[in-house]
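protein-v9.pdb follows (PDB, C-alpha atoms):
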ATOM      1  CA  MET A   1       0.000   0.000   0.000
ATOM      2  CA  ASP A   2       1.448   3.335  -1.075
ATOM      3  CA  GLY A   3       1.375   6.685   0.719
ATOM      4  CA  GLU A   4       2.607   8.297   3.892
ATOM      5  CA  ALA A   5       1.986   6.506   7.175
ATOM      6  CA  GLU A   6       0.272   8.665   9.779
ATOM      7  CA  LEU A   7      -0.724   8.188  13.397
ATOM      8  CA  LEU A   8      -3.169  10.689  14.863
ATOM      9  CA  LEU A   9      -4.355  11.048  18.433
ATOM     10  CA  ARG A  10      -7.652  12.886  18.623
ATOM     11  CA  ILE A  11      -8.945  14.173  21.976
ATOM     12  CA  ASN A  12     -12.656  13.368  21.886
ATOM     13  CA  GLY A  13     -13.276  14.785  25.356
ATOM     14  CA  ARG A  14     -11.263  16.103  28.286
ATOM     15  CA  HIS A  15     -13.736  16.422  31.147
ATOM     16  CA  ALA A  16     -14.216  14.510  34.389
ATOM     17  CA  ALA A  17     -17.558  13.022  35.423
ATOM     18  CA  TRP A  18     -19.190  16.362  36.279
ATOM     19  CA  PRO A  19     -17.750  19.119  34.055
ATOM     20  CA  ALA A  20     -19.868  21.815  35.701
ATOM     21  CA  ARG A  21     -22.582  22.197  38.293
ATOM     22  CA  LEU A  22     -26.136  23.129  37.400
ATOM     23  CA  ALA A  23     -26.589  26.599  38.904
ATOM     24  CA  GLY A  24     -22.863  26.706  39.663
ATOM     25  CA  ARG A  25     -21.414  30.184  40.045
ATOM     26  CA  SER A  26     -17.671  29.673  39.543
ATOM     27  CA  PRO A  27     -15.886  30.997  36.426
ATOM     28  CA  ARG A  28     -15.352  27.374  35.382
ATOM     29  CA  ASP A  29     -19.091  26.676  35.566
ATOM     30  CA  ALA A  30     -19.691  29.694  33.348
ATOM     31  CA  GLU A  31     -17.010  28.537  30.890
ATOM     32  CA  VAL A  32     -18.568  25.090  30.455
ATOM     33  CA  ARG A  33     -22.049  26.593  30.208
ATOM     34  CA  ARG A  34     -20.963  28.620  27.151
ATOM     35  CA  ALA A  35     -20.295  25.414  25.172
ATOM     36  CA  PRO A  36     -22.198  22.618  26.952
ATOM     37  CA  TYR A  37     -22.257  20.279  23.946
ATOM     38  CA  ARG A  38     -18.445  20.207  23.869
ATOM     39  CA  ALA A  39     -18.189  19.050  27.483
ATOM     40  CA  ALA A  40     -17.494  15.406  26.639
ATOM     41  CA  ASN A  41     -15.983  13.066  29.186
ATOM     42  CA  THR A  42     -12.350  12.023  28.791
ATOM     43  CA  SER A  43     -11.733   9.930  25.664
ATOM     44  CA  ILE A  44      -9.120   9.599  22.917
ATOM     45  CA  SER A  45      -9.108   8.087  19.431
ATOM     46  CA  LEU A  46      -5.974   6.499  17.970
ATOM     47  CA  LEU A  47      -6.115   6.672  14.177
ATOM     48  CA  LEU A  48      -3.609   4.879  11.898
ATOM     49  CA  ARG A  49      -3.736   5.915   8.254
ATOM     50  CA  ARG A  50      -1.713   5.498   5.086
ATOM     51  CA  GLY A  51      -2.172   7.719   2.073
ATOM     52  CA  GLY A  52      -5.228   9.206   3.769
ATOM     53  CA  GLU A  53      -6.967   5.823   4.133
ATOM     54  CA  LEU A  54      -8.088   4.910   7.642
ATOM     55  CA  LEU A  55      -6.648   1.496   8.536
ATOM     56  CA  LEU A  56      -7.243   1.333  12.291
ATOM     57  CA  HIS A  57      -9.365   3.361  14.713
ATOM     58  CA  VAL A  58      -9.004   2.437  18.379
ATOM     59  CA  LEU A  59     -11.293   4.300  20.762
ATOM     60  CA  ILE A  60     -10.268   4.645  24.408
ATOM     61  CA  ASP A  61     -13.272   5.135  26.726
ATOM     62  CA  VAL A  62     -16.729   6.257  25.651
ATOM     63  CA  GLY A  63     -18.429   8.372  28.319
ATOM     64  CA  LEU A  64     -21.057  11.078  28.074
ATOM     65  CA  GLY A  65     -20.685  13.293  25.027
ATOM     66  CA  VAL A  66     -18.102  11.092  23.339
ATOM     67  CA  VAL A  67     -20.397   9.845  20.578
ATOM     68  CA  ASN A  68     -21.387  13.472  19.914
ATOM     69  CA  SER A  69     -17.670  14.165  19.545
ATOM     70  CA  LEU A  70     -17.256  11.199  17.189
ATOM     71  CA  LEU A  71     -20.043  12.631  15.037
ATOM     72  CA  GLU A  72     -17.992  15.816  14.892
ATOM     73  CA  LEU A  73     -14.933  13.757  13.914
ATOM     74  CA  GLU A  74     -16.931  12.063  11.166
ATOM     75  CA  ARG A  75     -17.910  15.454   9.773
ATOM     76  CA  THR A  76     -14.429  17.013   9.981
ATOM     77  CA  GLY A  77     -12.223  13.967   9.381
ATOM     78  CA  GLY A  78     -14.375  11.409   7.606
ATOM     79  CA  VAL A  79     -13.902   8.813  10.377
ATOM     80  CA  ASP A  80     -17.051   6.659  10.293
ATOM     81  CA  ARG A  81     -15.721   3.380  11.692
ATOM     82  CA  VAL A  82     -14.525   2.114  15.088
ATOM     83  CA  ASP A  83     -12.280  -0.943  14.858
ATOM     84  CA  ALA A  84     -11.744  -1.546  18.572
ATOM     85  CA  LEU A  85     -12.702  -0.130  21.954
ATOM     86  CA  CYS A  86     -10.493  -0.049  25.058
ATOM     87  CA  LEU A  87     -12.022   0.661  28.459
ATOM     88  CA  THR A  88      -9.965   1.801  31.426
ATOM     89  CA  HIS A  89     -12.696   1.066  33.967
ATOM     90  CA  SER A  90     -16.435   0.809  34.465
ATOM     91  CA  HIS A  91     -17.405   4.211  35.858
ATOM     92  CA  PHE A  92     -20.336   5.857  34.090
ATOM     93  CA  ASP A  93     -18.293   8.756  32.708
ATOM     94  CA  HIS A  94     -16.174   6.207  30.798
ATOM     95  CA  ILE A  95     -18.912   3.880  29.513
ATOM     96  CA  ALA A  96     -22.098   5.992  29.259
ATOM     97  CA  GLY A  97     -21.833   6.283  25.468
ATOM     98  CA  LEU A  98     -21.665   2.517  24.939
ATOM     99  CA  ASP A  99     -25.370   2.115  24.273
ATOM    100  CA  TRP A 100     -25.346   4.798  21.554
ATOM    101  CA  LEU A 101     -22.043   3.593  20.099
ATOM    102  CA  LEU A 102     -23.041  -0.060  19.872
ATOM    103  CA  ALA A 103     -26.497   0.750  18.521
ATOM    104  CA  SER A 104     -24.817   2.840  15.815
ATOM    105  CA  LEU A 105     -22.252   0.210  14.861
ATOM    106  CA  ALA A 106     -24.845  -2.583  14.851
ATOM    107  CA  ARG A 107     -26.633  -0.734  12.048
ATOM    108  CA  SER A 108     -23.567   0.671  10.318
ATOM    109  CA  PRO A 109     -23.585   0.614   6.510
ATOM    110  CA  VAL A 110     -19.791   1.045   6.459
ATOM    111  CA  ALA A 111     -17.963  -1.821   4.756
ATOM    112  CA  GLY A 112     -15.492  -3.440   7.103
ATOM    113  CA  GLN A 113     -17.006  -2.244  10.367
ATOM    114  CA  PRO A 114     -16.009  -5.034  12.797
ATOM    115  CA  TRP A 115     -18.927  -6.758  14.509
ATOM    116  CA  PRO A 116     -19.105  -7.855  17.240
ATOM    117  CA  LEU A 117     -16.981  -4.881  18.272
ATOM    118  CA  PRO A 118     -13.546  -5.940  19.578
ATOM    119  CA  LEU A 119     -13.328  -4.835  23.216
ATOM    120  CA  PHE A 120     -10.190  -4.721  25.365
ATOM    121  CA  CYS A 121     -10.421  -4.304  29.136
ATOM    122  CA  THR A 122      -9.785  -6.285  32.289
ATOM    123  CA  SER A 123     -12.125  -9.154  33.097
ATOM    124  CA  ALA A 124     -13.346  -7.407  36.247
ATOM    125  CA  CYS A 125     -14.205  -4.308  34.237
ATOM    126  CA  PHE A 126     -16.022  -6.405  31.616
ATOM    127  CA  ASP A 127     -18.105  -8.179  34.240
ATOM    128  CA  GLU A 128     -19.013  -4.885  35.902
ATOM    129  CA  VAL A 129     -20.338  -3.499  32.608
ATOM    130  CA  PHE A 130     -21.866  -6.500  30.827
ATOM    131  CA  GLU A 131     -22.761  -9.264  33.267
ATOM    132  CA  PRO A 132     -26.423  -9.394  34.386
ATOM    133  CA  PRO A 133     -27.954  -7.507  36.079
ATOM    134  CA  ARG A 134     -25.667  -4.651  35.013
ATOM    135  CA  MET A 135     -27.251  -1.926  32.904
ATOM    136  CA  LEU A 136     -25.603  -2.911  29.606
ATOM    137  CA  TYR A 137     -25.873  -6.704  29.913
ATOM    138  CA  PHE A 138     -28.085  -6.884  26.806
ATOM    139  CA  TRP A 139     -25.128  -5.740  24.648
ATOM    140  CA  ARG A 140     -22.900  -8.580  25.882
ATOM    141  CA  ALA A 141     -23.068 -10.562  22.632
ATOM    142  CA  SER A 142     -22.274  -7.415  20.628
ATOM    143  CA  VAL A 143     -18.679  -7.199  21.845
ATOM    144  CA  ALA A 144     -15.787  -9.615  21.400
ATOM    145  CA  HIS A 145     -13.862  -9.300  24.657
ATOM    146  CA  THR A 146     -10.107  -9.769  24.959
ATOM    147  CA  PRO A 147      -9.018  -9.557  28.612
ATOM    148  CA  LEU A 148      -6.176  -7.225  29.524
ATOM    149  CA  LEU A 149      -3.754  -8.737  32.031
ATOM    150  CA  PRO A 150      -0.805  -7.059  33.781
ATOM    151  CA  GLY A 151       2.473  -7.831  32.025
ATOM    152  CA  ALA A 152       0.746  -9.328  28.968
ATOM    153  CA  PRO A 153       0.533  -6.837  26.081
ATOM    154  CA  VAL A 154      -2.158  -7.525  23.500
ATOM    155  CA  THR A 155      -2.077  -6.715  19.800
ATOM    156  CA  ILE A 156      -4.811  -4.827  17.983
ATOM    157  CA  ALA A 157      -4.505  -5.148  14.215
ATOM    158  CA  GLY A 158      -6.264  -3.209  11.509
ATOM    159  CA  ARG A 159      -6.007  -3.214   7.746
ATOM    160  CA  GLY A 160      -2.844  -2.974   5.700
ATOM    161  CA  GLY A 161      -0.502  -4.024   8.496
ATOM    162  CA  ALA A 162      -1.629  -1.329  10.951
ATOM    163  CA  VAL A 163      -0.860  -2.644  14.459
ATOM    164  CA  ILE A 164      -0.673  -1.336  18.005
ATOM    165  CA  THR A 165       0.017  -3.130  21.285
ATOM    166  CA  VAL A 166      -1.793  -2.281  24.506
ATOM    167  CA  SER A 167      -0.501  -2.928  28.017
ATOM    168  CA  ALA A 168      -2.604  -2.534  31.162
ATOM    169  CA  VAL A 169      -1.204  -1.503  34.546
ATOM    170  CA  PRO A 170      -3.643  -2.061  37.451
ATOM    171  CA  VAL A 171      -4.493   0.896  39.667
ATOM    172  CA  GLU A 172      -6.519   1.608  42.775
ATOM    173  CA  HIS A 173      -9.579   3.656  41.873
ATOM    174  CA  GLY A 174     -11.974   2.591  44.586
ATOM    175  CA  PRO A 175     -14.437  -0.226  45.277
ATOM    176  CA  THR A 176     -16.830   0.897  42.546
ATOM    177  CA  ALA A 177     -14.216   0.462  39.807
ATOM    178  CA  PRO A 178     -13.066  -3.179  39.987
ATOM    179  CA  GLY A 179     -10.325  -3.981  37.502
ATOM    180  CA  ALA A 180      -9.425  -0.332  36.864
ATOM    181  CA  ALA A 181      -6.256   0.074  34.812
ATOM    182  CA  ILE A 182      -4.204   2.663  33.013
ATOM    183  CA  LEU A 183      -3.205   1.846  29.450
ATOM    184  CA  ALA A 184       0.075   2.114  27.543
ATOM    185  CA  VAL A 185       0.144   1.870  23.741
ATOM    186  CA  GLU A 186       3.133   1.148  21.500
ATOM    187  CA  THR A 187       3.457   1.151  17.725
ATOM    188  CA  ARG A 188       6.047   1.412  14.961
ATOM    189  CA  TRP A 189       3.485   2.430  12.398
ATOM    190  CA  THR A 190       5.297   5.615  11.321
ATOM    191  CA  GLY A 191       8.663   3.848  11.119
ATOM    192  CA  ARG A 192       9.965   4.666  14.573
ATOM    193  CA  PRO A 193       8.843   3.406  17.966
ATOM    194  CA  LEU A 194       6.111   5.522  19.528
ATOM    195  CA  ARG A 195       4.730   5.092  23.014
ATOM    196  CA  PHE A 196       1.641   6.726  24.517
ATOM    197  CA  GLY A 197       0.288   6.558  28.056
ATOM    198  CA  PHE A 198      -3.334   7.016  29.099
ATOM    199  CA  ALA A 199      -3.184   7.361  32.868
ATOM    200  CA  TRP A 200      -6.422   8.960  33.935
ATOM    201  CA  ASP A 201      -8.591   7.917  36.876
ATOM    202  CA  LEU A 202      -6.428   6.536  39.651
ATOM    203  CA  LEU A 203      -5.457   7.293  43.208
ATOM    204  CA  ARG A 204      -2.324   5.163  43.139
ATOM    205  CA  LEU A 205      -0.849   2.159  41.356
ATOM    206  CA  ALA A 206      -2.052  -1.188  42.660
ATOM    207  CA  PRO A 207       0.357  -2.971  45.012
ATOM    208  CA  GLY A 208       3.107  -4.627  42.992
ATOM    209  CA  ALA A 209       2.060  -2.914  39.744
ATOM    210  CA  GLU A 210       4.935  -2.403  37.312
ATOM    211  CA  PRO A 211       4.831   0.983  35.523
ATOM    212  CA  ALA A 212       7.563   0.103  32.991
ATOM    213  CA  PRO A 213       5.155   0.261  29.986
ATOM    214  CA  PHE A 214       4.818   3.979  30.724
ATOM    215  CA  PHE A 215       8.526   4.766  30.773
ATOM    216  CA  ASP A 216       9.749   7.259  28.140
ATOM    217  CA  CYS A 217       6.321   7.910  26.630
ATOM    218  CA  ASP A 218       6.168  10.308  23.713
ATOM    219  CA  LEU A 219       2.853  11.535  25.127
ATOM    220  CA  LEU A 220       1.437  10.882  28.580
ATOM    221  CA  PHE A 221      -2.139  11.846  29.466
ATOM    222  CA  VAL A 222      -2.621  12.032  33.225
ATOM    223  CA  ASP A 223      -5.403  12.318  35.773
ATOM    224  CA  SER A 224      -5.689  15.902  36.981
ATOM    225  CA  THR A 225      -9.125  15.927  38.581
ATOM    226  CA  THR A 226      -7.963  18.546  41.072
ATOM    227  CA  VAL A 227      -4.828  20.603  41.580
ATOM    228  CA  HIS A 228      -4.584  19.877  45.304
ATOM    229  CA  PRO A 229      -4.611  16.400  46.911
ATOM    230  CA  MET A 230      -8.025  15.109  47.949
ATOM    231  CA  HIS A 231      -6.867  12.751  50.673
ATOM    232  CA  ASP A 232      -4.773  12.911  53.796
ATOM    233  CA  PRO A 233      -1.283  11.606  52.894
ATOM    234  CA  GLU A 234      -0.853  10.478  56.506
ATOM    235  CA  ASN A 235      -4.015   8.403  56.300
ATOM    236  CA  PRO A 236      -4.601   6.965  52.810
ATOM    237  CA  ALA A 237      -7.820   5.343  53.991
ATOM    238  CA  GLY A 238      -9.135   8.835  54.700
ATOM    239  CA  HIS A 239      -9.219   9.874  51.041
ATOM    240  CA  ARG A 240     -12.011  12.170  49.906
ATOM    241  CA  ASN A 241     -11.917  10.950  46.337
ATOM    242  CA  TRP A 242     -10.268   8.120  44.400
ATOM    243  CA  HIS A 243      -8.300  10.435  42.096
ATOM    244  CA  ILE A 244      -4.712  11.621  42.076
ATOM    245  CA  SER A 245      -4.135  15.380  41.995
ATOM    246  CA  VAL A 246      -1.891  17.405  39.701
ATOM    247  CA  GLU A 247       0.603  17.800  42.533
ATOM    248  CA  GLU A 248       0.729  14.068  43.302
ATOM    249  CA  MET A 249       0.802  13.184  39.606
ATOM    250  CA  LEU A 250       3.970  15.213  39.073
ATOM    251  CA  ALA A 251       5.715  13.175  41.760
ATOM    252  CA  LEU A 252       4.344   9.801  40.621
ATOM    253  CA  THR A 253       5.238  10.210  36.941
ATOM    254  CA  ALA A 254       8.578  12.024  37.229
ATOM    255  CA  PRO A 255      10.517   8.696  37.081
ATOM    256  CA  TRP A 256       8.579   7.745  33.943
ATOM    257  CA  ARG A 257      10.366  10.530  31.974
ATOM    258  CA  PRO A 258       7.580  11.395  29.504
ATOM    259  CA  ARG A 259       8.582  13.661  26.631
ATOM    260  CA  ARG A 260       5.298  15.559  26.893
ATOM    261  CA  THR A 261       2.540  15.382  29.490
ATOM    262  CA  TYR A 262      -1.083  16.451  29.054
ATOM    263  CA  LEU A 263      -3.389  17.203  31.968
ATOM    264  CA  ILE A 264      -6.828  15.746  31.295
ATOM    265  CA  HIS A 265      -9.977  14.919  33.305
ATOM    266  CA  TYR A 266      -9.823  18.178  35.299
ATOM    267  CA  ALA A 267     -12.869  19.182  37.357
ATOM    268  CA  GLY A 268     -11.449  21.146  40.282
ATOM    269  CA  SER A 269     -14.528  20.302  42.307
ATOM    270  CA  ARG A 270     -12.516  20.259  45.543
ATOM    271  CA  ASP A 271      -9.964  22.939  44.763
ATOM    272  CA  ASP A 272     -11.896  25.342  46.981
ATOM    273  CA  GLU A 273     -11.101  23.148  49.989
ATOM    274  CA  PRO A 274      -7.924  23.572  52.064
ATOM    275  CA  SER A 275      -5.052  21.355  50.941
ATOM    276  CA  PRO A 276      -3.947  18.867  53.630
ATOM    277  CA  HIS A 277      -0.285  19.931  53.310
ATOM    278  CA  ASP A 278       1.964  22.657  51.959
ATOM    279  CA  CYS A 279       0.900  22.758  48.351
ATOM    280  CA  LEU A 280       2.672  23.646  45.115
ATOM    281  CA  ALA A 281      -0.027  26.069  44.005
ATOM    282  CA  PRO A 282      -1.430  27.936  47.043
ATOM    283  CA  GLU A 283      -3.037  30.493  44.730
ATOM    284  CA  VAL A 284      -5.579  27.878  43.619
ATOM    285  CA  THR A 285      -8.634  28.352  45.835
ATOM    286  CA  ARG A 286     -11.448  27.471  43.406
ATOM    287  CA  PRO A 287     -11.983  25.415  40.235
ATOM    288  CA  LEU A 288      -9.830  26.786  37.417
ATOM    289  CA  THR A 289     -10.905  27.814  33.959
ATOM    290  CA  ASN A 290      -9.067  26.156  31.101
ATOM    291  CA  ALA A 291      -6.934  29.253  30.516
ATOM    292  CA  GLU A 292      -5.995  29.342  34.215
ATOM    293  CA  LEU A 293      -5.142  25.640  34.120
ATOM    294  CA  ARG A 294      -2.890  26.233  31.087
ATOM    295  CA  ARG A 295      -1.039  29.017  32.895
ATOM    296  CA  LEU A 296      -0.586  26.799  35.948
ATOM    297  CA  ALA A 297       0.664  23.936  33.757
ATOM    298  CA  ALA A 298       3.220  26.242  32.141
ATOM    299  CA  ARG A 299       4.492  27.374  35.553
ATOM    300  CA  LEU A 300       4.635  23.886  37.069
ATOM    301  CA  GLY A 301       6.264  22.577  33.897
ATOM    302  CA  LYS A 302       9.122  25.052  34.279
ATOM    303  CA  THR A 303       9.484  24.259  37.978
ATOM    304  CA  HIS A 304       9.614  20.513  37.347
ATOM    305  CA  ALA A 305      11.464  20.601  34.012
ATOM    306  CA  ARG A 306       8.460  19.015  32.265
ATOM    307  CA  ASP A 307       6.729  19.764  28.998
ATOM    308  CA  LEU A 308       3.364  20.052  30.735
ATOM    309  CA  ARG A 309       0.262  21.016  28.744
ATOM    310  CA  VAL A 310      -3.528  20.862  28.962
ATOM    311  CA  ALA A 311      -5.705  18.656  26.747
ATOM    312  CA  ALA A 312      -8.209  20.471  24.534
ATOM    313  CA  HIS A 313     -11.432  19.178  23.015
ATOM    314  CA  GLY A 314     -11.010  18.090  19.406
ATOM    315  CA  ARG A 315      -7.254  18.582  19.277
ATOM    316  CA  VAL A 316      -5.461  16.268  16.839
ATOM    317  CA  ILE A 317      -1.803  15.361  17.439
ATOM    318  CA  ARG A 318      -0.136  13.938  14.334
ATOM    319  CA  TYR A 319       2.932  11.750  13.744
ATOM    320  CA  SER A 320       4.079  10.794  10.244
ATOM    321  CA  GLY A 321       6.812   8.779   8.663
TER
END
Starting from the file, lay out its structure as structure tokens.
Amino acid sequence: MDGEAELLLRINGRHAAWPARLAGRSPRDAEVRRAPYRAANTSISLLLRRGGELLLHVLIDVGLGVVNSLLELERTGGVDRVDALCLTHSHFDHIAGLDWLLASLARSPVAGQPWPLPLFCTSACFDEVFEPPRMLYFWRASVAHTPLLPGAPVTIAGRGGAVITVSAVPVEHGPTAPGAAILAVETRWTGRPLRFGFAWDLLRLAPGAEPAPFFDCDLLFVDSTTVHPMHDPENPAGHRNWHISVEEMLALTAPWRPRRTYLIHYAGSRDDEPSPHDCLAPEVTRPLTNAELRRLAARLGKTHARDLRVAAHGRVIRYSG
């Protein structure tokens, strides 16, 4: 097959479970209210193309607003097929679009649309979503599940030799998210090794978890639900949320040496509460707007010698070879 090989990462959504509060009065609430139909939950598409032809589309998470965003991608980029779905965990803001997605693909007129849809997630996550009496049990036969296991990368293949490998690293994200994992993707599609990390929604790595698949990522997307920690570091059982903060994330991922890091999944819903320790950003006393979060990322990036940025809805990051 002739033509240039391309890999594109498209940010379908960047928001946490509750992007804004109804009747909320913070500047962030007002910002989201100005464009409510672009407030999709966190999700990314990996697109492998050659000569402009789409050979593999892997979707990572499909929460509220993500299918709306995929409709936008179809209009702007001509992407009308999903070849595989990866789920990080079973929380509603990461699976809420499944019903709409699967109903669409079941009726798709697109030649080559895989069906049942290949699905990659841990067995515990799969059971939480699809086993009776769970809400989406009636779609169980519409997905072809490949379990993700720690230390056992799986291959997802598309057309024309397009291939990626996915590795899962187990994390602690609370009792309502059994089997939660963060995902690392590798490919040589553009002729050189590329590695991407999708590390949203975690409080900490699971005991004994090996983060090596995330070392030296070209791009690392990280949980940044709040700027300040939401749990007492002296009493981990006393957490107020099962998410890592921007401050804690910087410490956790520093040994991973990512070339570029994107903050994603920000809500700031507890950034108006006192931090339990001396914090890196004492000026943050309320949820931040996106512009404020970008300025903070630039400052913390300089302090920590990191290329630290903020994910934006609809942004496409392109690699070619």
Care to translate the PyMOL selection byres ((chain A and resi 195) around 10) into actual residues of this file, as a compact mmCIF listing (two decimals) with C-alpha atoms, in the frame of the given file?
# COMPACT_ATOMS: atom_id res chain seq x y z
CA ILE A 164 -0.67 -1.34 18.00
CA THR A 165 0.02 -3.13 21.28
CA VAL A 166 -1.79 -2.28 24.51
CA ALA A 184 0.08 2.11 27.54
CA VAL A 185 0.14 1.87 23.74
CA GLU A 186 3.13 1.15 21.50
CA THR A 187 3.46 1.15 17.73
CA ARG A 188 6.05 1.41 14.96
CA ARG A 192 9.96 4.67 14.57
CA PRO A 193 8.84 3.41 17.97
CA LEU A 194 6.11 5.52 19.53
CA PHE A 196 1.64 6.73 24.52
CA GLY A 197 0.29 6.56 28.06
CA PRO A 213 5.16 0.26 29.99
CA PHE A 214 4.82 3.98 30.72
CA PHE A 215 8.53 4.77 30.77
CA ASP A 216 9.75 7.26 28.14
CA CYS A 217 6.32 7.91 26.63
CA ASP A 218 6.17 10.31 23.71
CA LEU A 219 2.85 11.54 25.13
CA LEU A 220 1.44 10.88 28.58
CA PRO A 258 7.58 11.40 29.50
| field | Reference answer for the PyMOL selection byres ((chain A and resi 248) around 10), as a ChimeraX atom specification | value | /A:203-204,223-224,227-230,243-247,249-253,280
| Distance of atom CA of Pro147 of chain A from atom CA of Leu202 of chain A, expressed in Å to one decimal place |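 That distance, rounded to one decimal, is 19.7 Å.
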| Given the file above and the PyMOL selection byres ((chain A and resi 114-120) around 6), which residues are selected, and can you give them as a PyMOL selection string? | chain A and resi 83-86+112-113+121+142-147
Report as a short mmCIF file (atom, residue, chain, number, x, y, z; two decimals) with C-alpha atoms, in the coordinates of the input all protein, DNA and RNA residues lying within 12 Å of Ser26 of chain A, evaluated on all atoms listed in the file, omitting residues in the same chain fewer than 5 positions from it.
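What follows is the written file selection.cif:
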data_model
loop_
_atom_site.label_atom_id
_atom_site.label_comp_id
_atom_site.auth_asym_id
_atom_site.auth_seq_id
_atom_site.Cartn_x
_atom_site.Cartn_y
_atom_site.Cartn_z
CA PRO A 19 -17.75 19.12 34.06
CA ALA A 20 -19.87 21.82 35.70
CA ARG A 21 -22.58 22.20 38.29
CA GLU A 31 -17.01 28.54 30.89
CA VAL A 32 -18.57 25.09 30.46
CA ARG A 33 -22.05 26.59 30.21
CA ALA A 267 -12.87 19.18 37.36
CA GLY A 268 -11.45 21.15 40.28
CA SER A 269 -14.53 20.30 42.31
CA ASP A 271 -9.96 22.94 44.76
CA ASP A 272 -11.90 25.34 46.98
CA THR A 285 -8.63 28.35 45.84
CA ARG A 286 -11.45 27.47 43.41
CA PRO A 287 -11.98 25.42 40.24
CA LEU A 288 -9.83 26.79 37.42
CA THR A 289 -10.90 27.81 33.96
#
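The set of protein, DNA and RNA residues with any counted atom at most 9 Å from (-4.6, 5.1, 6.7) (all atoms listed in the file) reads A:Gly3, A:Glu4, A:Ala5, A:Glu6, A:Leu7, A:Leu47, A:Leu48, A:Arg49, A:Arg50, A:Gly51, A:Gly52, A:Glu53, A:Leu54, A:Leu55, A:Leu56, A:Arg159, A:Gly160, A:Ala162.
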| query | Residues at most 8 Å from Arg38 of chain A, counting all atoms listed in the file, excluding those fewer than 2 positions away in the same chain, as a list of chain:residue names? | reply | A:Gly13, A:Ala35, A:Pro36, A:Ala40, A:Gly65, A:Ser69, A:His313
